[in-house]
Every structure is written in C-alpha cells, then in structure tokens.
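Read the structure below first, then the notes.
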Amino acid sequence: MAMKSLTSVVILALFLLSVSQWLALVNADLIEDTCKRSKTPFMDLCVTSLRSDPRSSSADVKGLVHITFELVQSNVTDTFGQVKALLENTTDPDVKQSLNDCFGLYKKSVSTTLPDAISALDSSLELAGILINEVKSNAEDCERDFTDGPNPRKSPLGDRNLVAFRLGDIAFYFSSL
C-alpha cells in the first residue's frame with residue numbers, strides 16, 4: 001500500500017512539473033507574440049524586459065500591458081533619483097540648469113503622469129497611451145536639454161533617457177493592443 005501511494009505521489013509530481021513547464025513555454029510565446037503584435041521597434045527590449053519580471057510568466061495580455069507600464073514607472077523613478085543625485089553633486093551652471101529642467105520633467109512623470117497612465121489602463125487604453133507618450137516626450141526633452149541649444153554637451157543621463165524613452169515607446173505600442 002505504501003509503495004502504491006509513493007508511486008501516485010511521484011506520478012502526480014511529474015505531471016505537475018510537466019504542466020508548469022508547458023505553461024511557462026506557452027507564456028514565453030505569449031510575451032514574444034504580444035511584443036510582435038504591438039509592432040514595437042524595440043522587440044528585443046520588449047521581450048527581455050517582460051521576461052525579467054517574474055509576474056510575466058503567468059500573465060495574460062492585459063497583465064503584460066500592466067507590467068510594461070510598471071516597468072516604465074520603475075525605470076523613470078530610478079532615473080528621477082539619478083537626476084536628484086547628479087543635481088547635488090554638480091557645480092557646472094549649464095549642467096545644473098539642464099538637470100533642473102530634467103528634474104521638473106521627471107518629477108511630473110513620477111508624481112502624476114505615470115500613476116494616471118497606470119490608473120487609466122483599466123478604463124481607457126487610449127488615455128493611457130496619451131499619458132505614456134507624455135512620459136516618453138519628457139525623457140526625450142530631458143536629453144535634448146543637454147544636446148541642443150547654445151552649449152551642447154554630452155548628457156550624464158543619456159543611457160537612462162534612452163531606456164526611459166524606449167520602454168515608454170513599448171508601453172505606448174501596448175496601449176493599442
């Protein structure tokens with residue numbers, strides 16, 4: 001009797017393991033399919049970003065859209081922290097002015113625009129897309145503040161602004177799914 005019970009437990013464990021592996025494979029395909037369907041020009045970033053979040057492995061398309069917006073929020077919040085740190089340590093008046101402009105742009109994105117965009121996901125994907133587009137523009141405007149104008153210079157936020165823009169772009173494409 002004990003051997004029969006042990007065999008049943010082993011068979012059940014093997015069955016559950018194979019089902020969980022199959023579900024993970026199906027969801028990996030869902031991530032790739034969703035990124036492809038969105039027509040984002042940043043396919044690799046889309047797939048790797050979503051796969052980096054453990055919630056993606058069990059999410060449906062609506063869940064992937066939410067996760068994408070939250071990835072933007074996390075990135076923009078981190079970049080806002082970097083802007084604050086750079087402001088504290090910068091003595092160059094031109095760089096300080098550009099960082100102050102970036103501070104205002106990122107503060108708006110973090111404090112109002114992104115939370116409003118995430119809230120809008122359940123009621124209006126169109127509004128969420130408009131708001132996430134503003135976040136993208138803020139990252140782009142921050143970068144331009146350094147690279148354009150009378151004293152162009154290398155932005156200390158270049159890579160961060162680029163990732164914020166690209167993640168925002170992915171979220172924007174997802175808002176049309």
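Labeling convention for the structure tokens: chains A, B, ... as they appear, residues from 1 per chain, ligands from 1 in order of appearance.
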Problem set entry | Expected answer as a PyMOL selection string: helix (DSSP H, G or I) residues in segment 22-169 of chain A | chain A and resi 22-38+43-52+54-58+61-89+93-120+125-147+158-169
Let's have the selection written as a tab-separated table (two decimals), in the first residue's frame, with C-alpha atoms.
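result00.tsv, written as the output of this step:
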chain	number	residue	atom	x	y	z
A	22	TRP	CA	4.36	23.73	-20.55
A	23	LEU	CA	2.65	26.83	-19.08
A	24	ALA	CA	5.98	28.66	-18.87
A	25	LEU	CA	6.68	27.79	-22.52
A	26	VAL	CA	3.21	28.95	-23.58
A	27	ASN	CA	3.67	32.25	-21.72
A	28	ALA	CA	7.13	32.77	-23.19
A	29	ASP	CA	5.41	32.54	-26.56
A	30	LEU	CA	2.72	34.95	-25.33
A	31	ILE	CA	5.40	37.50	-24.44
A	32	GLU	CA	7.03	37.23	-27.86
A	33	ASP	CA	3.68	37.21	-29.65
A	34	THR	CA	2.48	40.26	-27.71
A	35	CYS	CA	5.68	42.16	-28.43
A	36	LYS	CA	5.39	41.25	-32.13
A	37	ARG	CA	1.70	42.13	-32.24
A	38	SER	CA	2.40	45.53	-30.70
A	43	MET	CA	11.36	43.95	-29.93
A	44	ASP	CA	14.42	42.68	-28.04
A	45	LEU	CA	13.95	45.18	-25.20
A	46	CYS	CA	10.26	44.32	-25.08
A	47	VAL	CA	10.88	40.59	-24.70
A	48	THR	CA	13.82	40.84	-22.27
A	49	SER	CA	12.08	43.45	-20.10
A	50	LEU	CA	8.92	41.40	-19.77
A	51	ARG	CA	10.83	38.19	-19.16
A	52	SER	CA	12.78	39.92	-16.39
A	54	PRO	CA	8.50	37.10	-12.74
A	55	ARG	CA	4.83	38.09	-12.96
A	56	SER	CA	5.01	37.86	-16.75
A	57	SER	CA	5.26	34.08	-16.70
A	58	SER	CA	1.64	33.79	-15.57
A	61	VAL	CA	-2.05	40.11	-22.46
A	62	LYS	CA	-3.80	42.61	-20.18
A	63	GLY	CA	-1.36	41.68	-17.41
A	64	LEU	CA	1.59	42.15	-19.76
A	65	VAL	CA	0.33	45.63	-20.61
A	66	HIS	CA	0.16	46.50	-16.89
A	67	ILE	CA	3.62	45.06	-16.28
A	68	THR	CA	5.04	47.10	-19.16
A	69	PHE	CA	3.63	50.33	-17.74
A	70	GLU	CA	5.00	49.41	-14.31
A	71	LEU	CA	8.44	48.73	-15.84
A	72	VAL	CA	8.34	52.25	-17.28
A	73	GLN	CA	7.37	53.58	-13.86
A	74	SER	CA	10.25	51.76	-12.17
A	75	ASN	CA	12.77	52.97	-14.75
A	76	VAL	CA	11.57	56.58	-14.67
A	77	THR	CA	11.53	56.59	-10.85
A	78	ASP	CA	15.13	55.31	-10.81
A	79	THR	CA	16.15	57.94	-13.36
A	80	PHE	CA	14.48	60.64	-11.28
A	81	GLY	CA	16.61	59.51	-8.33
A	82	GLN	CA	19.70	59.74	-10.53
A	83	VAL	CA	18.75	63.29	-11.56
A	84	LYS	CA	18.47	64.27	-7.88
A	85	ALA	CA	21.87	62.73	-7.09
A	86	LEU	CA	23.53	64.47	-10.04
A	87	LEU	CA	21.99	67.80	-9.02
A	88	GLU	CA	23.53	67.50	-5.56
A	89	ASN	CA	26.99	66.87	-7.00
A	93	PRO	CA	25.94	76.02	-14.01
A	94	ASP	CA	24.93	74.87	-17.53
A	95	VAL	CA	24.72	71.23	-16.46
A	96	LYS	CA	22.88	72.25	-13.29
A	97	GLN	CA	20.29	74.16	-15.37
A	98	SER	CA	19.74	71.19	-17.65
A	99	LEU	CA	19.44	68.87	-14.66
A	100	ASN	CA	16.91	71.24	-13.07
A	101	ASP	CA	14.86	71.06	-16.27
A	102	CYS	CA	15.13	67.25	-16.21
A	103	PHE	CA	14.16	67.26	-12.54
A	104	GLY	CA	10.90	69.03	-13.37
A	105	LEU	CA	10.16	66.72	-16.29
A	106	TYR	CA	10.86	63.52	-14.37
A	107	LYS	CA	9.08	64.78	-11.24
A	108	LYS	CA	5.91	65.30	-13.27
A	109	SER	CA	6.25	61.86	-14.85
A	110	VAL	CA	6.78	60.14	-11.49
A	111	SER	CA	4.27	62.05	-9.40
A	112	THR	CA	1.30	62.41	-11.74
A	113	THR	CA	1.61	61.27	-15.35
A	114	LEU	CA	2.67	57.65	-14.77
A	115	PRO	CA	0.26	56.97	-11.88
A	116	ASP	CA	-2.55	58.45	-14.01
A	117	ALA	CA	-1.49	56.34	-17.01
A	118	ILE	CA	-1.48	53.15	-14.93
A	119	SER	CA	-4.88	54.03	-13.45
A	120	ALA	CA	-6.26	54.66	-16.94
A	125	LEU	CA	-6.18	52.44	-23.13
A	126	GLU	CA	-6.32	55.49	-25.38
A	127	LEU	CA	-5.83	57.84	-22.41
A	128	ALA	CA	-3.11	55.58	-21.00
A	129	GLY	CA	-1.35	55.80	-24.37
A	130	ILE	CA	-1.59	59.59	-24.44
A	131	LEU	CA	-0.16	59.82	-20.94
A	132	ILE	CA	2.68	57.36	-21.58
A	133	ASN	CA	3.52	59.34	-24.70
A	134	GLU	CA	3.98	62.38	-22.45
A	135	VAL	CA	6.40	60.38	-20.30
A	136	LYS	CA	8.36	59.42	-23.44
A	137	SER	CA	8.46	63.05	-24.51
A	138	ASN	CA	9.71	64.11	-21.08
A	139	ALA	CA	12.67	61.72	-21.35
A	140	GLU	CA	13.39	62.95	-24.85
A	141	ASP	CA	13.10	66.62	-23.78
A	142	CYS	CA	15.50	65.99	-20.90
A	143	GLU	CA	18.05	64.57	-23.32
A	144	ARG	CA	17.60	67.45	-25.76
A	145	ASP	CA	18.19	69.91	-22.95
A	146	PHE	CA	21.80	68.71	-22.92
A	147	THR	CA	22.44	68.03	-26.58
A	158	GLY	CA	21.92	59.68	-21.99
A	159	ASP	CA	21.52	55.93	-21.49
A	160	ARG	CA	18.83	56.36	-18.86
A	161	ASN	CA	16.85	58.77	-21.03
A	162	LEU	CA	17.16	56.37	-23.95
A	163	VAL	CA	15.85	53.40	-21.96
A	164	ALA	CA	13.02	55.51	-20.49
A	165	PHE	CA	12.07	56.60	-24.00
A	166	ARG	CA	12.22	53.07	-25.43
A	167	LEU	CA	10.30	51.46	-22.57
A	168	GLY	CA	7.74	54.25	-22.88
A	169	ASP	CA	7.53	53.56	-26.59
Exercise. Atom CA of Tyr173 of chain A and atom CA of Lys39 of chain A are how many Å apart?
Worked result: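 These two atoms are separated by 6.9 Å.
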Problem set entry | Distance in Å - atom CA of Leu177 of chain A versus atom CA of Asp122 of chain A |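 One can read the atom CA of Leu177 of chain A to atom CA of Asp122 of chain A distance as 13.1 Å.
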